[in-house]
Amino acid sequence: MAYGEKVIDHYENPRNVGTFGTQKEIKESKEIGVGLVGAPECGDVMQLQIKVNDDTGVIEDAKFKCFGCGSAIASSSLATEWLKGKSIDEGLEIKNTEIVEELSLPPVKIHCSVLAEDAIKAAISDYKTKHSQN
Amino acid sequence: MGVTLPMYLDYAATTPCDPRVVEAMMPYFTETFGNPGSRNHSYGWDAEHGIKTARQQVADLIGADSKEVIFTSGSTESNNIAIKGAANMYAKKPAGETGRGHIITAIHEHKAVLDPCKRMEKEGFDVTYLEPDSDGLITREMVEGAVRDDTILVTIMWANNELGTINEIPEIGEMCHDKGIVFHTDATQWVGKMPTNVKTDNIDLLSLSGHKLYGPKGVGALYVRRRKPRIRLTAIQEGGGQERGFRSGTLNVTGIVGLGKACELCAQSMDDERERLLKLRNELESKIESALDVVQVNGARDRRLANITNISFGFVEGESLMMAIKEIAVSSGSACTSASLEPSYVLKALGVGDDLAHSSLRISMGRWTTPEQLEYAGDKIIEAVKKLRELSPLYDMHNEGIDISKIEWAAH
């Protein structure tokens with residue numbers, strides 16, 4: 001399959017790869033929201049982490065890791081780029097169709113963008129849940 | 001390092017034509033272009049002479065009599081003629097309670113065997129699909145255990161195309177002959193690489209393909225045993241009655257001449273070639289295994305063709321791995337690139353987990369594979385897996401001691 005230029009760029013130079021700590025540390029940290037979506041048997045797992053400023057509600061940093069095809073890696077890499085600097089409410093407005101458009105994903109790869117949107121929503125929801133427990 | 005890119009390591013998919021094969025074919029396009037069916041002039045006789053030579057060359061490679069070789073368009077057609085032809089010829093008449101007869105095959109056969117078997121199922125036959133052991137092998141014992149009173153045909157591949165694993169073919173053939181069951185083997189990956197003798201290996205029907213043994217595409221052969229027992233087949237394609245009526249249609253003279261030459265060359269070089277490739281393949285495997293953790297070589301290690309290796313890399317996904325080594329032409333065990341998310345059914349048959357089955361590479365070598373190429377490919381693969389594991393949340397979890405199979409994944 002031929003990949004679009006932007007997919008290849010994100011794949012070869014993924015932005016914001018990493019994690020803010022071990023799974024255990026992340027779970028305990030209140031300023032971090034985690035979205036873990038997909039399943040190994042489906043060939044895609046995305047882990048998206050956001051670090052939110054409690055006072056302003058702004059996503060100050062975002063990191064990802066991804067097990068999946070080039071388009072899945074590119075979609076999650078792009079998601080971290082877009083999330084940084086946005087408020088959590090703005091983050092929720094990111095649509096998978098915008099990812100498809102930006103990366104010129106072919107129809108068979110649309111599920112990668114859906115997964116990225118799911119990861120964003122899951123991470124924000126995780127942050128909100130942790131926050132409301134205070 | 002002295003390698004040119006892209007690099008071809010997918011010889012199990014197809015091989016380049018040997019230039020000596022092309023040379024042998026050339027005159028048959030323009031000079032010796034006659035129809036071998038033309039019995040009354042020299043154009044026909046000359047073409048017929050080329051066919052006769054090729055038929056002998058193919059027969060010699062597999063220990064057959066030249067009269068037992070039927071030319072076809074390739075292994076897919078050979079398999080179809082053999083399976084459908086034998087099933088229809090040896091069908092129970094009238095059909096019994098269990099249908100028109102029983103066929104035995106295996107779930108990790110090539111689609112070109114499985115789909116004809118499924119077709120026969122629709123047409124009233126009963127088919128047993130044997131499951132291989134975790135090494136990917138089908139043994140005589142497994143086949144014998146599935147035999148019934150109404151079994152008419154057994155079709156088991158000689159060497160598996162994804163794994164290179166070698167089934168107990170002479171043993172299965174012997175059992176079939178004892179019980180009077182017709183035995184077909186798809187030997188597409190086997191012939192030309194391993195010594196073959198259809199007589200002593202107890203084969204009734206054998207499929208082979210030109211383009212897997214440095215011959216042209218679009219030509220292959222079916223061996224049909226003529227003595228002890230004499231195998232009869234119901235023809236699929238009818239017409240001029242060529243190839244003893246098994247396969248009507250004007251012969252593909254150029255292709256057949258190329259196939260013959262390719263067989264002759266394989267017979268000359270196969271022993272040295274096998275030894276050479278075995279060494280290279282084993283070096284590649286040990287290099288990868290010593291550099292990376294959680295890798296698995298799939299299939300029985302000591303019962304494999306020398307030129308194929310199938311390796312699973314835990315925690316990386318097959319398509320992204322292929323993308324990382326895009327200048328090296330290999331085959332992914334994962335069929336993700338064809339837009340289906342199903343991991344290889346062959347690996348699943350071995351009980352390889354979905355996570356590992358999603359990330360396997362089949363690397364297959366051949367006549368023009370050099371040590372330098374494999375050195376380069378090995379380095380690239382190791383580098384790519386390491387890079388992708390840095391990206392992989394699953395590898396992190398593995399290193400943190402989290403059991404991935406115990407996580408409740410939301411399937412999508």
# chains A, B, ... in the order shown; residues from 1 in each chain; ligands from 1
>>> interface_residues(of="chain A", to="chain B", cutoff="7 Å", atoms="only C-alpha atoms", output="PyMOL selection string")
chain A and resi 1+17+37-43+47+65-70+108
>>> write_last_selection(atoms="N, CA and C atoms", output="short mmCIF file (atom, residue, chain, number, x, y, z; two decimals), in the first residue's frame")
data_model
loop_
_atom_site.label_atom_id
_atom_site.label_comp_id
_atom_site.auth_asym_id
_atom_site.auth_seq_id
_atom_site.Cartn_x
_atom_site.Cartn_y
_atom_site.Cartn_z
N MET A 1 0.85 -1.20 0.00
CA MET A 1 0.00 0.00 0.00
C MET A 1 0.87 1.24 0.00
N VAL A 17 6.45 10.98 21.34
CA VAL A 17 6.40 9.58 21.74
C VAL A 17 6.78 9.48 23.20
N VAL A 37 -6.90 2.51 23.92
CA VAL A 37 -7.98 1.98 23.08
C VAL A 37 -7.43 0.99 22.05
N GLY A 38 -8.34 0.20 21.48
CA GLY A 38 -7.95 -0.80 20.50
C GLY A 38 -7.74 -2.14 21.18
N ALA A 39 -7.25 -3.09 20.44
CA ALA A 39 -7.00 -4.42 20.99
C ALA A 39 -5.90 -5.10 20.17
N PRO A 40 -5.02 -5.84 20.86
CA PRO A 40 -3.90 -6.45 20.14
C PRO A 40 -4.36 -7.36 19.00
N GLU A 41 -5.46 -8.11 19.23
CA GLU A 41 -5.87 -9.05 18.17
C GLU A 41 -6.44 -8.34 16.95
N CYS A 42 -6.79 -7.05 17.12
CA CYS A 42 -7.25 -6.30 15.95
C CYS A 42 -6.08 -5.61 15.26
N GLY A 43 -4.91 -5.69 15.87
CA GLY A 43 -3.74 -5.11 15.23
C GLY A 43 -3.52 -3.64 15.52
N GLN A 47 -2.16 4.31 22.97
CA GLN A 47 -2.14 4.82 24.34
C GLN A 47 -1.84 6.31 24.26
N LYS A 65 1.86 6.31 22.63
CA LYS A 65 2.55 5.11 22.13
C LYS A 65 1.52 4.36 21.31
N CYS A 66 1.97 3.67 20.30
CA CYS A 66 1.01 3.01 19.43
C CYS A 66 1.58 1.71 18.87
N PHE A 67 0.78 0.67 18.99
CA PHE A 67 1.04 -0.60 18.30
C PHE A 67 0.04 -0.64 17.16
N GLY A 68 0.52 -0.55 15.95
CA GLY A 68 -0.41 -0.51 14.83
C GLY A 68 0.30 -0.16 13.56
N CYS A 69 -0.48 -0.03 12.49
CA CYS A 69 0.11 0.24 11.18
C CYS A 69 0.60 1.69 11.11
N GLY A 70 1.22 2.06 10.02
CA GLY A 70 1.75 3.39 9.85
C GLY A 70 0.69 4.47 10.02
N VAL A 108 -9.67 2.42 3.70
CA VAL A 108 -9.37 1.26 4.56
C VAL A 108 -8.66 1.65 5.85
#
>>> residues_around(residues="Lys380 of chain B", least_positions_apart="4", cutoff="12 Å", atoms="only C-alpha atoms", output="PyMOL selection string")
chain B and resi 7+284+287-288+291+321-328+373-376+384-387
>>> write_last_selection(atoms="C-alpha atoms", output="PDB file, in the first residue's frame")
ATOM      1  CA  MET B   7      16.229  -6.156  -2.248  1.00  0.00           C
ATOM      2  CA  LEU B 284      19.996 -14.872   9.897  1.00  0.00           C
ATOM      3  CA  LYS B 287      21.433 -13.115  14.497  1.00  0.00           C
ATOM      4  CA  ILE B 288      17.850 -11.942  15.004  1.00  0.00           C
ATOM      5  CA  ALA B 291      19.588  -9.320  19.181  1.00  0.00           C
ATOM      6  CA  LEU B 321       7.232  -3.425  10.340  1.00  0.00           C
ATOM      7  CA  MET B 322       6.917  -3.889   6.579  1.00  0.00           C
ATOM      8  CA  MET B 323       6.835  -0.104   6.224  1.00  0.00           C
ATOM      9  CA  ALA B 324      10.033   0.234   8.232  1.00  0.00           C
ATOM     10  CA  ILE B 325      11.873  -2.173   5.961  1.00  0.00           C
ATOM     11  CA  LYS B 326      10.112  -1.091   2.807  1.00  0.00           C
ATOM     12  CA  GLU B 327      13.160  -1.499   0.623  1.00  0.00           C
ATOM     13  CA  ILE B 328      13.362  -5.168   1.519  1.00  0.00           C
ATOM     14  CA  GLN B 373      22.014  -9.069   1.487  1.00  0.00           C
ATOM     15  CA  LEU B 374      21.041 -11.090   4.527  1.00  0.00           C
ATOM     16  CA  GLU B 375      23.532  -9.218   6.677  1.00  0.00           C
ATOM     17  CA  TYR B 376      21.885  -5.959   5.630  1.00  0.00           C
ATOM     18  CA  ALA B 384      13.041  -1.585  12.827  1.00  0.00           C
ATOM     19  CA  VAL B 385      11.743  -3.865  15.572  1.00  0.00           C
ATOM     20  CA  LYS B 386      13.669  -1.895  18.179  1.00  0.00           C
ATOM     21  CA  LYS B 387      12.294   1.384  16.862  1.00  0.00           C
TER      22      LYS B 387
END
>>> residues_around(residues="Asp201 of chain B", least_positions_apart="5", cutoff="8 Å", atoms="only C-alpha atoms", output="list of chain:residue names")
B:Ile169, B:Pro170, B:Glu171, B:Gly173, B:Glu174, B:Thr196
>>> residues_around(residues="Thr32 of chain B", least_positions_apart="5", cutoff="12 Å", atoms="only C-alpha atoms", output="JSON, numbers by chain")
{"B": [24, 25, 26, 27, 42, 43, 44, 45, 46, 47, 48, 49, 50, 51, 253, 254, 257]}
>>> select_by_dssp(residues="segment 217-337 of chain B", states="helix (DSSP H, G or I)", output="PyMOL selection string")
chain B and resi 243-245+253-291+318-324+336-337
>>> residues_around(residues="Thr185 of chain B", least_positions_apart="6", cutoff="10 Å", atoms="only C-alpha atoms", output="PyMOL selection string")
chain B and resi 79+82-83+105+113+154-159+169+173+203-208+222-223
>>> closest_residue(among="A:Glu98, A:Asp89, A:Glu31, A:Glu25", to="Val52 of chain A", atoms="only C-alpha atoms")
A:Glu31
>>> atom_distance(atom1="atom CA of Leu265 of chain B", atom2="atom CA of Ser332 of chain B")
29.6 Å
>>> atom_distance(atom1="atom CA of Glu285 of chain B", atom2="atom CA of Leu9 of chain B")
14.2 Å
>>> select_by_dssp(residues="segment 122-251 of chain B", states="strand (DSSP E)", output="VMD selection string")
chain B and resid 126 to 130 151 to 155 182 to 186 205 to 209 220 to 224
>>> write_last_selection(atoms="N, CA and C atoms", output="PDB file, in the first residue's frame")
ATOM      1  N   ASP B 126     -17.807 -34.916   1.363  1.00  0.00           N
ATOM      2  CA  ASP B 126     -17.574 -34.571   2.750  1.00  0.00           C
ATOM      3  C   ASP B 126     -16.065 -34.337   2.907  1.00  0.00           C
ATOM      4  N   VAL B 127     -15.675 -33.228   3.499  1.00  0.00           N
ATOM      5  CA  VAL B 127     -14.243 -32.907   3.599  1.00  0.00           C
ATOM      6  C   VAL B 127     -13.819 -32.780   5.057  1.00  0.00           C
ATOM      7  N   THR B 128     -12.724 -33.427   5.411  1.00  0.00           N
ATOM      8  CA  THR B 128     -12.121 -33.251   6.731  1.00  0.00           C
ATOM      9  C   THR B 128     -10.913 -32.330   6.584  1.00  0.00           C
ATOM     10  N   TYR B 129     -10.890 -31.280   7.416  1.00  0.00           N
ATOM     11  CA  TYR B 129      -9.750 -30.353   7.412  1.00  0.00           C
ATOM     12  C   TYR B 129      -8.919 -30.631   8.651  1.00  0.00           C
ATOM     13  N   LEU B 130      -7.790 -31.297   8.473  1.00  0.00           N
ATOM     14  CA  LEU B 130      -6.942 -31.650   9.610  1.00  0.00           C
ATOM     15  C   LEU B 130      -6.268 -30.412  10.182  1.00  0.00           C
ATOM     16  N   THR B 151     -13.417 -42.756   2.298  1.00  0.00           N
ATOM     17  CA  THR B 151     -12.390 -41.786   1.892  1.00  0.00           C
ATOM     18  C   THR B 151     -11.890 -42.128   0.489  1.00  0.00           C
ATOM     19  N   ILE B 152     -11.972 -41.150  -0.408  1.00  0.00           N
ATOM     20  CA  ILE B 152     -11.537 -41.403  -1.786  1.00  0.00           C
ATOM     21  C   ILE B 152     -10.282 -40.619  -2.146  1.00  0.00           C
ATOM     22  N   LEU B 153     -10.012 -39.525  -1.427  1.00  0.00           N
ATOM     23  CA  LEU B 153      -8.898 -38.655  -1.819  1.00  0.00           C
ATOM     24  C   LEU B 153      -8.265 -37.990  -0.596  1.00  0.00           C
ATOM     25  N   VAL B 154      -6.932 -37.988  -0.589  1.00  0.00           N
ATOM     26  CA  VAL B 154      -6.187 -37.229   0.414  1.00  0.00           C
ATOM     27  C   VAL B 154      -5.358 -36.193  -0.335  1.00  0.00           C
ATOM     28  N   THR B 155      -5.440 -34.937   0.086  1.00  0.00           N
ATOM     29  CA  THR B 155      -4.592 -33.908  -0.534  1.00  0.00           C
ATOM     30  C   THR B 155      -3.884 -33.109   0.559  1.00  0.00           C
ATOM     31  N   VAL B 182      -6.677 -42.317  -3.324  1.00  0.00           N
ATOM     32  CA  VAL B 182      -5.868 -41.495  -4.222  1.00  0.00           C
ATOM     33  C   VAL B 182      -5.162 -40.407  -3.401  1.00  0.00           C
ATOM     34  N   PHE B 183      -3.877 -40.196  -3.695  1.00  0.00           N
ATOM     35  CA  PHE B 183      -3.095 -39.228  -2.923  1.00  0.00           C
ATOM     36  C   PHE B 183      -2.517 -38.134  -3.808  1.00  0.00           C
ATOM     37  N   HIS B 184      -2.945 -36.893  -3.512  1.00  0.00           N
ATOM     38  CA  HIS B 184      -2.436 -35.722  -4.234  1.00  0.00           C
ATOM     39  C   HIS B 184      -1.596 -34.866  -3.289  1.00  0.00           C
ATOM     40  N   THR B 185      -0.499 -34.311  -3.803  1.00  0.00           N
ATOM     41  CA  THR B 185       0.273 -33.353  -3.011  1.00  0.00           C
ATOM     42  C   THR B 185       0.565 -32.105  -3.830  1.00  0.00           C
ATOM     43  N   ASP B 186       0.337 -30.953  -3.203  1.00  0.00           N
ATOM     44  CA  ASP B 186       0.705 -29.679  -3.803  1.00  0.00           C
ATOM     45  C   ASP B 186       2.179 -29.458  -3.434  1.00  0.00           C
ATOM     46  N   LEU B 205      -0.665 -37.953  -7.518  1.00  0.00           N
ATOM     47  CA  LEU B 205      -0.879 -36.693  -8.234  1.00  0.00           C
ATOM     48  C   LEU B 205      -0.010 -35.633  -7.567  1.00  0.00           C
ATOM     49  N   LEU B 206       0.732 -34.871  -8.369  1.00  0.00           N
ATOM     50  CA  LEU B 206       1.622 -33.860  -7.786  1.00  0.00           C
ATOM     51  C   LEU B 206       1.552 -32.577  -8.621  1.00  0.00           C
ATOM     52  N   SER B 207       1.357 -31.447  -7.926  1.00  0.00           N
ATOM     53  CA  SER B 207       1.280 -30.153  -8.615  1.00  0.00           C
ATOM     54  C   SER B 207       2.598 -29.402  -8.472  1.00  0.00           C
ATOM     55  N   LEU B 208       3.015 -28.780  -9.555  1.00  0.00           N
ATOM     56  CA  LEU B 208       4.203 -27.914  -9.481  1.00  0.00           C
ATOM     57  C   LEU B 208       4.014 -26.706 -10.388  1.00  0.00           C
ATOM     58  N   SER B 209       4.794 -25.655 -10.101  1.00  0.00           N
ATOM     59  CA  SER B 209       4.649 -24.382 -10.799  1.00  0.00           C
ATOM     60  C   SER B 209       5.987 -23.921 -11.350  1.00  0.00           C
ATOM     61  N   GLY B 220       2.877 -24.646 -15.521  1.00  0.00           N
ATOM     62  CA  GLY B 220       3.139 -25.586 -14.437  1.00  0.00           C
ATOM     63  C   GLY B 220       2.854 -26.985 -14.934  1.00  0.00           C
ATOM     64  N   ALA B 221       2.824 -27.932 -14.027  1.00  0.00           N
ATOM     65  CA  ALA B 221       2.577 -29.301 -14.446  1.00  0.00           C
ATOM     66  C   ALA B 221       1.833 -30.060 -13.358  1.00  0.00           C
ATOM     67  N   LEU B 222       1.168 -31.102 -13.821  1.00  0.00           N
ATOM     68  CA  LEU B 222       0.540 -32.043 -12.899  1.00  0.00           C
ATOM     69  C   LEU B 222       1.078 -33.431 -13.246  1.00  0.00           C
ATOM     70  N   TYR B 223       1.620 -34.090 -12.257  1.00  0.00           N
ATOM     71  CA  TYR B 223       2.022 -35.487 -12.432  1.00  0.00           C
ATOM     72  C   TYR B 223       0.801 -36.359 -12.170  1.00  0.00           C
ATOM     73  N   VAL B 224       0.534 -37.259 -13.102  1.00  0.00           N
ATOM     74  CA  VAL B 224      -0.590 -38.185 -12.934  1.00  0.00           C
ATOM     75  C   VAL B 224      -0.048 -39.605 -13.080  1.00  0.00           C
TER      76      VAL B 224
END
>>> atom_distance(atom1="atom CA of Lys128 of chain A", atom2="atom CA of Gly33 of chain A")
7.8 Å
